[in-house]
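To start, the structure itself, in structure tokens.
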Amino acid sequence: EVLNSTANAIANYAQKPPGLRDANRTQILAKVRQINPDWQEAGYGQRDIAYRNWVNPNGTGAKQIGAFNTVANHLETLQQLGNALENSDTPAINAAINFFKTNLGHPEVTNFNTAKQAVSSEIVRAITGTAGALADRQEAERAFSAAASPPQLSGAIKTAKDLISGRLETAKAIYETGTGRKDFEDLLPPKVKSYFAEYLKGGASSSNVPKVGEVRDGYKFLGGDPSSQSSWQKVE
């Protein structure tokens, strides 16, 4: 049982392979290759570096996950505010505005429009830096600009959720490609899992990860991490 557990962890690049002096090395590695025929011992180091990018708070991957969490909280609170305004529920309106001010760090929020602007800026922040970001950013900004009243808000929020779900899908594909692991959703905060649950069930598609040389929004992908600006070159 212990051997199988160890082999599973190694096969998914979650654990370092056994050393040359390990008495069970041959048996463990044989089991590893049964579980994952594509496993490569030499690849563990690079996979581990890629993984740390997602769990180290200063890593670009970890920051992206943090941005998803921030957006989920903002969108949920904005929806609550919209519902309260539509129902003329003054206590609920005040509660939502206070939540924006104190819990979400937006002291400037005093009404529907300022709340909408705060959420729009967080969506832009979550999308910026990922492949295809420009078109998604513009679509999100248009949707929230057009939402002139609480009843129109649901459509804008649906648009935002669709766009962010695309970013989640891309992030998952990048994570799996870079780390060799299949546990991306384990890294997501509870709020992200619950708020985007309907989208996460579908899984990620590697088609969202750009190919080397592919041009998106006027920039050519050079390879590496698509969320890094250094991986893109402006097409003249």
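By order in the structure tokens, chains are A, B, ...; within a chain, residues start at 1; ligands start at 1, following the order shown.
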Show me, as a count of residues only, the residues that have an atom within 8 Å of A:Gly178 when counting only C-alpha atoms, minus same-chain residues fewer than 6 positions from it.
3
What's the 8 Å shell around A:Phe112, counting only C-alpha atoms, without same-chain residues fewer than 5 positions away, as a tab-separated table (two decimals) with C-alpha atoms, in the first residue's frame?
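Output (around_17.tsv):
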chain	number	residue	atom	x	y	z
A	81	LEU	CA	-26.04	44.67	-4.20
A	82	GLY	CA	-27.95	44.52	-7.49
A	150	PRO	CA	-29.43	46.52	-11.44
Within 10 Å of A:Ile65, counting only C-alpha atoms, which residues show up once you throw out same-chain ones fewer than 2 positions away? Write them as a JSON list (two decimals) with N, CA, C and O atoms, in the first residue's frame, please.
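Resulting contents of part-v3.json:
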[["chain", "number", "residue", "atom", "x", "y", "z"],
["A", 54, "TRP", "N", 3.15, 28.01, -8.68],
["A", 54, "TRP", "CA", 1.73, 28.04, -8.36],
["A", 54, "TRP", "C", 1.45, 28.02, -6.86],
["A", 54, "TRP", "O", 0.33, 28.35, -6.44],
["A", 55, "VAL", "N", 2.42, 27.64, -6.06],
["A", 55, "VAL", "CA", 2.17, 27.57, -4.61],
["A", 55, "VAL", "C", 2.94, 28.62, -3.82],
["A", 55, "VAL", "O", 2.58, 28.93, -2.68],
["A", 57, "PRO", "N", 3.57, 32.28, -2.89],
["A", 57, "PRO", "CA", 2.75, 33.48, -3.01],
["A", 57, "PRO", "C", 3.28, 34.51, -3.99],
["A", 57, "PRO", "O", 2.50, 35.30, -4.54],
["A", 60, "THR", "N", 3.88, 33.85, -10.32],
["A", 60, "THR", "CA", 2.84, 34.41, -11.19],
["A", 60, "THR", "C", 1.58, 33.54, -11.17],
["A", 60, "THR", "O", 0.46, 34.06, -11.24],
["A", 61, "GLY", "N", 1.76, 32.23, -11.06],
["A", 61, "GLY", "CA", 0.61, 31.34, -11.01],
["A", 61, "GLY", "C", -0.21, 31.55, -9.76],
["A", 61, "GLY", "O", -1.45, 31.62, -9.79],
["A", 62, "ALA", "N", 0.48, 31.66, -8.61],
["A", 62, "ALA", "CA", -0.21, 31.88, -7.34],
["A", 62, "ALA", "C", -0.94, 33.23, -7.35],
["A", 62, "ALA", "O", -2.06, 33.35, -6.83],
["A", 63, "LYS", "N", -0.33, 34.24, -7.94],
["A", 63, "LYS", "CA", -0.97, 35.56, -8.02],
["A", 63, "LYS", "C", -2.22, 35.50, -8.90],
["A", 63, "LYS", "O", -3.21, 36.17, -8.63],
["A", 67, "ALA", "N", -6.03, 36.40, -7.92],
["A", 67, "ALA", "CA", -6.89, 37.31, -8.69],
["A", 67, "ALA", "C", -8.25, 36.68, -8.95],
["A", 67, "ALA", "O", -9.28, 37.35, -8.89],
["A", 68, "PHE", "N", -8.27, 35.38, -9.23],
["A", 68, "PHE", "CA", -9.54, 34.68, -9.42],
["A", 68, "PHE", "C", -10.40, 34.74, -8.15],
["A", 68, "PHE", "O", -11.60, 34.93, -8.21],
["A", 69, "ASN", "N", -9.74, 34.58, -7.01],
["A", 69, "ASN", "CA", -10.45, 34.61, -5.74],
["A", 69, "ASN", "C", -11.04, 36.00, -5.48],
["A", 69, "ASN", "O", -12.19, 36.14, -5.03],
["A", 70, "THR", "N", -10.26, 37.03, -5.77],
["A", 70, "THR", "CA", -10.72, 38.40, -5.59],
["A", 70, "THR", "C", -11.93, 38.69, -6.48],
["A", 70, "THR", "O", -12.93, 39.28, -6.03],
["A", 71, "VAL", "N", -11.85, 38.27, -7.72],
["A", 71, "VAL", "CA", -12.96, 38.50, -8.66],
["A", 71, "VAL", "C", -14.22, 37.78, -8.20],
["A", 71, "VAL", "O", -15.32, 38.33, -8.27],
["A", 126, "ALA", "N", -7.64, 40.49, -13.28],
["A", 126, "ALA", "CA", -7.58, 39.03, -13.32],
["A", 126, "ALA", "C", -7.29, 38.52, -14.73],
["A", 126, "ALA", "O", -6.65, 37.49, -14.90],
["A", 168, "LEU", "N", -9.60, 30.52, -16.20],
["A", 168, "LEU", "CA", -9.38, 29.36, -15.32],
["A", 168, "LEU", "C", -8.99, 28.14, -16.14],
["A", 168, "LEU", "O", -8.09, 27.38, -15.76],
["A", 171, "ALA", "N", -5.46, 28.58, -17.31],
["A", 171, "ALA", "CA", -4.54, 28.41, -16.19],
["A", 171, "ALA", "C", -4.37, 26.92, -15.85],
["A", 171, "ALA", "O", -3.26, 26.46, -15.57],
["A", 187, "LEU", "N", -5.65, 23.56, -5.71],
["A", 187, "LEU", "CA", -5.00, 24.82, -5.37],
["A", 187, "LEU", "C", -5.99, 25.98, -5.23],
["A", 187, "LEU", "O", -5.65, 27.02, -4.68],
["A", 188, "LEU", "N", -7.19, 25.80, -5.75],
["A", 188, "LEU", "CA", -8.15, 26.90, -5.78],
["A", 188, "LEU", "C", -8.80, 27.13, -4.42],
["A", 188, "LEU", "O", -9.19, 26.18, -3.74],
["A", 189, "PRO", "N", -8.94, 28.40, -4.01],
["A", 189, "PRO", "CA", -9.62, 28.72, -2.76],
["A", 189, "PRO", "C", -11.08, 28.27, -2.82],
["A", 189, "PRO", "O", -11.66, 28.18, -3.91],
["A", 192, "VAL", "N", -13.49, 30.33, -5.05],
["A", 192, "VAL", "CA", -13.36, 30.12, -6.50],
["A", 192, "VAL", "C", -14.05, 28.82, -6.90],
["A", 192, "VAL", "O", -14.78, 28.76, -7.90]]
When distances are computed from only C-alpha atoms, which of A:Gln64, A:Ser5, A:Asn73, A:Ser149 shows the smallest separation from A:Phe196?
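Of A:Gln64, A:Ser5, A:Asn73, A:Ser149, the one nearest A:Phe196, counting only C-alpha atoms, is A:Asn73.
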